[in-house]
file query-v1.cif (mmCIF, N, CA and C atoms)
data_coords
#
loop_
_atom_site.label_atom_id
_atom_site.label_comp_id
_atom_site.auth_asym_id
_atom_site.auth_seq_id
_atom_site.Cartn_x
_atom_site.Cartn_y
_atom_site.Cartn_z
N MET A 1 104.85 238.16 100.32
CA MET A 1 105.06 237.53 99.05
C MET A 1 106.06 238.34 98.25
N GLY A 2 107.04 237.70 97.76
CA GLY A 2 108.04 238.41 96.98
C GLY A 2 107.89 238.11 95.50
N GLY A 3 108.57 238.84 94.69
CA GLY A 3 108.57 238.58 93.26
C GLY A 3 107.32 239.08 92.56
N THR A 4 107.08 238.49 91.42
CA THR A 4 105.94 238.91 90.62
C THR A 4 104.94 237.78 90.47
N GLU A 5 104.60 237.17 91.59
CA GLU A 5 103.64 236.07 91.57
C GLU A 5 102.27 236.57 91.15
N THR A 6 101.57 235.74 90.43
CA THR A 6 100.21 236.05 90.03
C THR A 6 99.29 235.08 90.73
N ILE A 7 98.32 235.60 91.40
CA ILE A 7 97.33 234.77 92.08
C ILE A 7 96.06 234.81 91.25
N ILE A 8 95.59 233.64 90.88
CA ILE A 8 94.34 233.55 90.12
C ILE A 8 93.28 233.02 91.06
N ARG A 9 92.24 233.79 91.24
CA ARG A 9 91.14 233.41 92.11
C ARG A 9 89.98 232.92 91.26
N SER A 10 89.32 231.92 91.73
CA SER A 10 88.17 231.36 91.02
C SER A 10 87.11 232.44 90.84
N GLY A 11 86.58 232.53 89.62
CA GLY A 11 85.52 233.48 89.35
C GLY A 11 85.99 234.84 88.86
N GLU A 12 87.30 235.09 88.91
CA GLU A 12 87.78 236.37 88.43
C GLU A 12 87.93 236.35 86.92
N ILE A 13 87.82 237.50 86.32
CA ILE A 13 87.94 237.61 84.87
C ILE A 13 89.40 237.49 84.48
N ASP A 14 89.62 236.69 83.46
CA ASP A 14 90.96 236.41 82.96
C ASP A 14 91.06 236.95 81.53
N ALA A 15 92.25 237.32 81.13
CA ALA A 15 92.46 237.86 79.78
C ALA A 15 92.09 236.85 78.70
N LEU A 16 92.09 235.59 79.01
CA LEU A 16 91.76 234.56 78.02
C LEU A 16 90.27 234.26 77.95
N ASP A 17 89.49 234.85 78.84
CA ASP A 17 88.04 234.63 78.84
C ASP A 17 87.41 235.21 77.58
N SER A 18 86.40 234.52 77.08
CA SER A 18 85.62 235.09 75.97
C SER A 18 84.64 236.10 76.55
N ILE A 19 84.04 236.88 75.70
CA ILE A 19 83.06 237.86 76.17
C ILE A 19 81.88 237.17 76.85
N PHE A 20 81.54 235.97 76.37
CA PHE A 20 80.43 235.24 76.97
C PHE A 20 80.82 234.62 78.32
N ASP A 21 82.10 234.27 78.49
CA ASP A 21 82.59 233.83 79.80
C ASP A 21 82.49 234.98 80.80
N ILE A 22 82.89 236.15 80.35
CA ILE A 22 82.85 237.33 81.21
C ILE A 22 81.41 237.65 81.61
N LEU A 23 80.51 237.58 80.65
CA LEU A 23 79.10 237.87 80.95
C LEU A 23 78.55 236.88 81.98
N ALA A 24 78.97 235.63 81.91
CA ALA A 24 78.53 234.63 82.89
C ALA A 24 79.02 235.00 84.29
N LYS A 25 80.25 235.50 84.38
CA LYS A 25 80.80 235.91 85.68
C LYS A 25 80.11 237.17 86.19
N ILE A 26 79.88 238.12 85.30
CA ILE A 26 79.19 239.35 85.69
C ILE A 26 77.78 239.04 86.17
N ARG A 27 77.12 238.11 85.50
CA ARG A 27 75.75 237.74 85.87
C ARG A 27 75.68 237.26 87.32
N LYS A 28 76.69 236.52 87.75
CA LYS A 28 76.71 235.99 89.12
C LYS A 28 76.96 237.08 90.16
N ARG A 29 77.76 238.09 89.80
CA ARG A 29 78.14 239.13 90.77
C ARG A 29 78.20 240.49 90.09
N PRO A 30 77.06 241.01 89.62
CA PRO A 30 77.09 242.26 88.85
C PRO A 30 77.67 243.45 89.60
N ALA A 31 77.35 243.59 90.87
CA ALA A 31 77.85 244.76 91.62
C ALA A 31 79.37 244.74 91.74
N MET A 32 79.95 243.55 91.81
CA MET A 32 81.41 243.44 91.92
C MET A 32 82.10 243.99 90.67
N TYR A 33 81.53 243.72 89.52
CA TYR A 33 82.16 244.13 88.27
C TYR A 33 81.66 245.48 87.75
N LEU A 34 80.41 245.81 88.03
CA LEU A 34 79.80 247.00 87.44
C LEU A 34 79.63 248.16 88.39
N GLY A 35 79.86 247.94 89.67
CA GLY A 35 79.62 249.00 90.65
C GLY A 35 78.19 248.97 91.15
N LYS A 36 77.25 248.93 90.23
CA LYS A 36 75.84 248.72 90.54
C LYS A 36 75.22 247.97 89.36
N PRO A 37 74.19 247.20 89.63
CA PRO A 37 73.57 246.46 88.53
C PRO A 37 72.84 247.42 87.59
N SER A 38 73.43 247.65 86.43
CA SER A 38 72.90 248.63 85.48
C SER A 38 73.28 248.21 84.07
N ILE A 39 72.33 248.26 83.17
CA ILE A 39 72.60 247.94 81.77
C ILE A 39 73.64 248.90 81.18
N HIS A 40 73.61 250.16 81.61
CA HIS A 40 74.56 251.14 81.09
C HIS A 40 75.97 250.89 81.63
N HIS A 41 76.05 250.46 82.88
CA HIS A 41 77.36 250.11 83.44
C HIS A 41 77.93 248.88 82.72
N LEU A 42 77.05 247.92 82.39
CA LEU A 42 77.50 246.75 81.65
C LEU A 42 78.05 247.16 80.28
N HIS A 43 77.34 248.03 79.60
CA HIS A 43 77.80 248.51 78.30
C HIS A 43 79.19 249.14 78.41
N CYS A 44 79.37 250.01 79.38
CA CYS A 44 80.68 250.67 79.57
C CYS A 44 81.77 249.66 79.91
N TYR A 45 81.44 248.71 80.77
CA TYR A 45 82.41 247.68 81.16
C TYR A 45 82.85 246.89 79.93
N LEU A 46 81.89 246.42 79.14
CA LEU A 46 82.23 245.62 77.97
C LEU A 46 83.02 246.42 76.94
N ASP A 47 82.67 247.68 76.74
CA ASP A 47 83.44 248.53 75.83
C ASP A 47 84.88 248.65 76.29
N GLY A 48 85.07 248.92 77.56
CA GLY A 48 86.42 249.03 78.11
C GLY A 48 87.19 247.74 78.00
N TRP A 49 86.52 246.63 78.30
CA TRP A 49 87.17 245.33 78.23
C TRP A 49 87.59 245.02 76.78
N CYS A 50 86.71 245.28 75.83
CA CYS A 50 87.03 245.01 74.42
C CYS A 50 88.18 245.88 73.93
N HIS A 51 88.22 247.12 74.37
CA HIS A 51 89.30 248.02 73.93
C HIS A 51 90.64 247.68 74.58
N GLY A 52 90.59 247.15 75.79
CA GLY A 52 91.82 246.87 76.51
C GLY A 52 92.33 245.45 76.36
N ASN A 53 91.56 244.59 75.73
CA ASN A 53 91.92 243.19 75.61
C ASN A 53 92.54 242.93 74.23
N PRO A 54 93.64 242.19 74.18
CA PRO A 54 94.25 241.91 72.89
C PRO A 54 93.32 241.15 71.93
N ASN A 55 92.38 240.40 72.47
CA ASN A 55 91.42 239.67 71.65
C ASN A 55 90.08 240.42 71.56
N GLY A 56 90.08 241.66 71.98
CA GLY A 56 88.85 242.43 72.08
C GLY A 56 88.10 242.59 70.77
N LEU A 57 88.82 242.78 69.69
CA LEU A 57 88.15 242.96 68.39
C LEU A 57 87.42 241.69 67.99
N ARG A 58 88.07 240.56 68.17
CA ARG A 58 87.43 239.27 67.86
C ARG A 58 86.22 239.05 68.75
N GLU A 59 86.34 239.38 70.03
CA GLU A 59 85.25 239.20 70.97
C GLU A 59 84.09 240.16 70.67
N ALA A 60 84.41 241.39 70.28
CA ALA A 60 83.37 242.35 69.91
C ALA A 60 82.60 241.85 68.69
N LEU A 61 83.31 241.24 67.75
CA LEU A 61 82.66 240.68 66.57
C LEU A 61 81.74 239.53 66.98
N SER A 62 82.19 238.71 67.89
CA SER A 62 81.37 237.61 68.39
C SER A 62 80.10 238.15 69.05
N PHE A 63 80.23 239.20 69.85
CA PHE A 63 79.08 239.81 70.53
C PHE A 63 78.15 240.50 69.54
N SER A 64 78.70 240.94 68.40
CA SER A 64 77.87 241.63 67.41
C SER A 64 76.77 240.72 66.85
N HIS A 65 76.97 239.42 66.90
CA HIS A 65 75.93 238.49 66.46
C HIS A 65 74.71 238.59 67.38
N PHE A 66 74.97 238.76 68.68
CA PHE A 66 73.88 238.98 69.63
C PHE A 66 73.16 240.29 69.32
N VAL A 67 73.91 241.33 69.02
CA VAL A 67 73.33 242.65 68.74
C VAL A 67 72.45 242.58 67.48
N THR A 68 72.93 241.91 66.45
CA THR A 68 72.14 241.74 65.22
C THR A 68 70.85 240.98 65.52
N TRP A 69 70.96 239.92 66.30
CA TRP A 69 69.79 239.13 66.70
C TRP A 69 68.80 240.00 67.47
N LEU A 70 69.31 240.82 68.38
CA LEU A 70 68.47 241.70 69.20
C LEU A 70 67.72 242.71 68.32
N GLU A 71 68.41 243.30 67.38
CA GLU A 71 67.79 244.28 66.47
C GLU A 71 66.67 243.63 65.65
N LYS A 72 66.89 242.40 65.22
CA LYS A 72 65.85 241.68 64.48
C LYS A 72 64.67 241.35 65.38
N LYS A 73 64.96 240.91 66.59
CA LYS A 73 63.91 240.54 67.54
C LYS A 73 62.97 241.71 67.80
N TYR A 74 63.53 242.90 67.99
CA TYR A 74 62.72 244.08 68.31
C TYR A 74 62.42 244.93 67.08
N GLU A 75 62.82 244.45 65.91
CA GLU A 75 62.58 245.16 64.66
C GLU A 75 63.06 246.61 64.73
N VAL A 76 64.29 246.76 65.16
CA VAL A 76 64.90 248.08 65.32
C VAL A 76 65.88 248.32 64.18
N LYS A 77 65.71 249.42 63.51
CA LYS A 77 66.62 249.85 62.45
C LYS A 77 67.07 251.26 62.78
N SER A 78 68.00 251.37 63.70
CA SER A 78 68.48 252.69 64.08
C SER A 78 69.91 252.59 64.57
N THR A 79 70.45 253.69 64.97
CA THR A 79 71.81 253.71 65.49
C THR A 79 71.83 253.57 67.02
N GLN A 80 70.71 253.24 67.60
CA GLN A 80 70.65 253.04 69.04
C GLN A 80 71.57 251.88 69.43
N GLY A 81 72.25 252.00 70.53
CA GLY A 81 73.08 250.91 71.02
C GLY A 81 72.21 249.80 71.60
N TRP A 82 72.79 248.63 71.70
CA TRP A 82 72.05 247.48 72.22
C TRP A 82 71.51 247.73 73.61
N GLU A 83 72.26 248.46 74.43
CA GLU A 83 71.81 248.71 75.81
C GLU A 83 70.60 249.64 75.83
N LYS A 84 70.51 250.56 74.88
CA LYS A 84 69.36 251.47 74.83
C LYS A 84 68.12 250.75 74.32
N ILE A 85 68.31 249.80 73.44
CA ILE A 85 67.17 249.00 72.96
C ILE A 85 66.58 248.21 74.12
N ILE A 86 67.44 247.55 74.87
CA ILE A 86 66.97 246.75 76.02
C ILE A 86 66.38 247.66 77.08
N ASP A 87 67.02 248.78 77.34
CA ASP A 87 66.51 249.72 78.35
C ASP A 87 65.12 250.22 77.97
N PHE A 88 64.89 250.47 76.70
CA PHE A 88 63.59 250.95 76.24
C PHE A 88 62.48 249.95 76.57
N TRP A 89 62.77 248.67 76.46
CA TRP A 89 61.79 247.61 76.70
C TRP A 89 61.77 247.15 78.15
N SER A 90 62.40 247.90 79.05
CA SER A 90 62.47 247.53 80.47
C SER A 90 61.92 248.66 81.32
N VAL A 91 61.63 248.34 82.56
CA VAL A 91 61.08 249.33 83.50
C VAL A 91 62.13 250.36 83.89
N ASP A 92 63.35 249.91 84.14
CA ASP A 92 64.45 250.80 84.53
C ASP A 92 65.77 250.13 84.16
N GLU A 93 66.87 250.81 84.40
CA GLU A 93 68.17 250.28 83.97
C GLU A 93 68.60 249.05 84.77
N ILE A 94 68.09 248.90 85.97
CA ILE A 94 68.43 247.71 86.77
C ILE A 94 67.67 246.49 86.24
N SER A 95 66.37 246.65 85.99
CA SER A 95 65.62 245.53 85.41
C SER A 95 66.08 245.26 83.98
N ALA A 96 66.61 246.27 83.31
CA ALA A 96 67.15 246.09 81.96
C ALA A 96 68.34 245.13 81.98
N LEU A 97 69.11 245.15 83.06
CA LEU A 97 70.24 244.22 83.17
C LEU A 97 69.72 242.78 83.26
N ASP A 98 68.69 242.57 84.06
CA ASP A 98 68.07 241.24 84.14
C ASP A 98 67.50 240.84 82.78
N HIS A 99 66.86 241.79 82.12
CA HIS A 99 66.29 241.56 80.80
C HIS A 99 67.39 241.17 79.81
N PHE A 100 68.54 241.84 79.89
CA PHE A 100 69.68 241.53 79.04
C PHE A 100 70.06 240.06 79.16
N PHE A 101 70.18 239.57 80.40
CA PHE A 101 70.60 238.19 80.59
C PHE A 101 69.54 237.20 80.12
N THR A 102 68.27 237.56 80.25
CA THR A 102 67.19 236.72 79.71
C THR A 102 67.31 236.65 78.19
N LEU A 103 67.54 237.79 77.56
CA LEU A 103 67.71 237.84 76.11
C LEU A 103 68.96 237.08 75.67
N LEU A 104 70.03 237.20 76.43
CA LEU A 104 71.27 236.50 76.11
C LEU A 104 71.03 234.98 76.15
N ASP A 105 70.30 234.52 77.15
CA ASP A 105 69.96 233.10 77.23
C ASP A 105 69.17 232.66 76.00
N GLU A 106 68.19 233.48 75.62
CA GLU A 106 67.36 233.17 74.45
C GLU A 106 68.23 233.12 73.19
N PHE A 107 69.11 234.08 73.04
CA PHE A 107 70.02 234.11 71.90
C PHE A 107 70.89 232.86 71.86
N GLN A 108 71.46 232.49 72.98
CA GLN A 108 72.37 231.35 73.02
C GLN A 108 71.64 230.03 72.76
N GLN A 109 70.36 229.98 73.11
CA GLN A 109 69.57 228.77 72.84
C GLN A 109 69.19 228.66 71.36
N THR A 110 69.10 229.79 70.68
CA THR A 110 68.72 229.77 69.27
C THR A 110 69.93 229.74 68.34
N SER A 111 71.11 229.97 68.87
CA SER A 111 72.31 230.01 68.03
C SER A 111 72.92 228.63 67.88
#

call {"tool": "encode", "arguments": {"input": "query-v1.cif", "output": "structure tokens"}}
result
Amino acid sequence: MGGTETIIRSGEIDALDSIFDILAKIRKRPAMYLGKPSIHHLHCYLDGWCHGNPNGLREALSFSHFVTWLEKKYEVKSTQGWEKIIDFWSVDEISALDHFFTLLDEFQQTS
């Protein structure tokens, strides 16, 4: 292949994806995006994506509504990150990732 062709494969993350689009893709194949299924790896991935994406600030603001909802749900008033709140209420960091997606579903149904 010559030139600067771009191949877009179905299911890959695109710069135009919203944070919730990305989370849907990660949910289907967490190890592909995170290395291992881990709530902490998800947090790092999303931080990096938001910082490197031109729309990252807008997307981080959109995700902050989930974080506010989560803090209210668990009655948390601290500087703990969202991933630590979920991890606290989970058996381990792998089950915390599953718990995250369950909570995300609940949030999206109530929003």

call {"tool": "atom_distance", "arguments": {"input": "query-v1.cif", "atom1": "atom C of His40 (chain A)", "atom2": "CA of Ala96 (chain A)"}}
result
10.0 Å

call {"tool": "atom_distance", "arguments": {"input": "query-v1.cif", "atom1": "CA of His65 (chain A)", "atom2": "CA of Trp49 (chain A)"}}
result
17.7 Å

call {"tool": "atom_distance", "arguments": {"input": "query-v1.cif", "atom1": "CA of Ala60 (chain A)", "atom2": "atom N of Ile19 (chain A)"}}
result
8.0 Å

call {"tool": "select_by_dssp", "arguments": {"input": "query-v1.cif", "residues": "chain A", "states": "alpha helix (DSSP H)", "output": "PyMOL selection string"}}
result
chain A and resi 19-28+30-34+39-52+56-73+82-88+93-110

call {"tool": "resolve_selection", "arguments": {"input": "query-v1.cif", "expression": "the PyMOL selection byres (((chain A and resi 76-88 and name CA) around 10) and name CA)", "output": "ChimeraX atom specification"}}
result
/A:38-44,64,66-68,70-75,89-100,103

call {"tool": "closest_residue", "arguments": {"input": "query-v1.cif", "among": "A:Phe101, A:Glu106, A:Arg27, A:Phe20", "to": "Ser62 (chain A)", "atoms": "only N, CA and C atoms"}}
result
A:Phe20

call {"tool": "residues_around", "arguments": {"input": "query-v1.cif", "residues": "Glu12 (chain A)", "least_positions_apart": "4", "cutoff": "10 Å", "atoms": "only C-alpha atoms", "output": "list in words"}}
result
Ile8, Asp17, Ile22, Lys25, Ile26 and Tyr33 of chain A

call {"tool": "closest_residue", "arguments": {"input": "query-v1.cif", "among": "A:Asp105, A:Arg58, A:Gly52, A:Ser111", "to": "Leu23 (chain A)", "atoms": "only C-alpha atoms"}}
result
A:Asp105

call {"tool": "build_atoms", "arguments": {"input": "query-v1.cif", "residues": "region 80-102 of chain A", "atoms": "N, CA, C and O atoms", "output": "tab-separated table (two decimals), in the coordinates of the input"}}
result
chain	number	residue	atom	x	y	z
A	80	GLN	N	70.71	253.24	67.60
A	80	GLN	CA	70.65	253.04	69.04
A	80	GLN	C	71.57	251.88	69.43
A	80	GLN	O	71.63	250.88	68.73
A	81	GLY	N	72.25	252.00	70.53
A	81	GLY	CA	73.08	250.91	71.02
A	81	GLY	C	72.21	249.80	71.60
A	81	GLY	O	71.05	250.02	71.95
A	82	TRP	N	72.79	248.63	71.70
A	82	TRP	CA	72.05	247.48	72.22
A	82	TRP	C	71.51	247.73	73.61
A	82	TRP	O	70.41	247.31	73.94
A	83	GLU	N	72.26	248.46	74.43
A	83	GLU	CA	71.81	248.71	75.81
A	83	GLU	C	70.60	249.64	75.83
A	83	GLU	O	69.72	249.51	76.68
A	84	LYS	N	70.51	250.56	74.88
A	84	LYS	CA	69.36	251.47	74.83
A	84	LYS	C	68.12	250.75	74.32
A	84	LYS	O	67.01	251.06	74.75
A	85	ILE	N	68.31	249.80	73.44
A	85	ILE	CA	67.17	249.00	72.96
A	85	ILE	C	66.58	248.21	74.12
A	85	ILE	O	65.37	248.23	74.35
A	86	ILE	N	67.44	247.55	74.87
A	86	ILE	CA	66.97	246.75	76.02
A	86	ILE	C	66.38	247.66	77.08
A	86	ILE	O	65.34	247.34	77.67
A	87	ASP	N	67.02	248.78	77.34
A	87	ASP	CA	66.51	249.72	78.35
A	87	ASP	C	65.12	250.22	77.97
A	87	ASP	O	64.24	250.35	78.83
A	88	PHE	N	64.89	250.47	76.70
A	88	PHE	CA	63.59	250.95	76.24
A	88	PHE	C	62.48	249.95	76.57
A	88	PHE	O	61.37	250.34	76.92
A	89	TRP	N	62.77	248.67	76.46
A	89	TRP	CA	61.79	247.61	76.70
A	89	TRP	C	61.77	247.15	78.15
A	89	TRP	O	61.19	246.11	78.47
A	90	SER	N	62.40	247.90	79.05
A	90	SER	CA	62.47	247.53	80.47
A	90	SER	C	61.92	248.66	81.32
A	90	SER	O	61.78	249.80	80.87
A	91	VAL	N	61.63	248.34	82.56
A	91	VAL	CA	61.08	249.33	83.50
A	91	VAL	C	62.13	250.36	83.89
A	91	VAL	O	61.86	251.56	83.95
A	92	ASP	N	63.35	249.91	84.14
A	92	ASP	CA	64.45	250.80	84.53
A	92	ASP	C	65.77	250.13	84.16
A	92	ASP	O	65.78	249.00	83.67
A	93	GLU	N	66.87	250.81	84.40
A	93	GLU	CA	68.17	250.28	83.97
A	93	GLU	C	68.60	249.05	84.77
A	93	GLU	O	69.38	248.23	84.26
A	94	ILE	N	68.09	248.90	85.97
A	94	ILE	CA	68.43	247.71	86.77
A	94	ILE	C	67.67	246.49	86.24
A	94	ILE	O	68.26	245.44	86.02
A	95	SER	N	66.37	246.65	85.99
A	95	SER	CA	65.62	245.53	85.41
A	95	SER	C	66.08	245.26	83.98
A	95	SER	O	65.99	244.13	83.49
A	96	ALA	N	66.61	246.27	83.31
A	96	ALA	CA	67.15	246.09	81.96
A	96	ALA	C	68.34	245.13	81.98
A	96	ALA	O	68.54	244.36	81.04
A	97	LEU	N	69.11	245.15	83.06
A	97	LEU	CA	70.24	244.22	83.17
A	97	LEU	C	69.72	242.78	83.26
A	97	LEU	O	70.23	241.88	82.58
A	98	ASP	N	68.69	242.57	84.06
A	98	ASP	CA	68.07	241.24	84.14
A	98	ASP	C	67.50	240.84	82.78
A	98	ASP	O	67.64	239.70	82.35
A	99	HIS	N	66.86	241.79	82.12
A	99	HIS	CA	66.29	241.56	80.80
A	99	HIS	C	67.39	241.17	79.81
A	99	HIS	O	67.22	240.28	78.97
A	100	PHE	N	68.54	241.84	79.89
A	100	PHE	CA	69.68	241.53	79.04
A	100	PHE	C	70.06	240.06	79.16
A	100	PHE	O	70.24	239.36	78.16
A	101	PHE	N	70.18	239.57	80.40
A	101	PHE	CA	70.60	238.19	80.59
A	101	PHE	C	69.54	237.20	80.12
A	101	PHE	O	69.87	236.14	79.60
A	102	THR	N	68.27	237.56	80.25
A	102	THR	CA	67.19	236.72	79.71
A	102	THR	C	67.31	236.65	78.19
A	102	THR	O	67.19	235.57	77.59
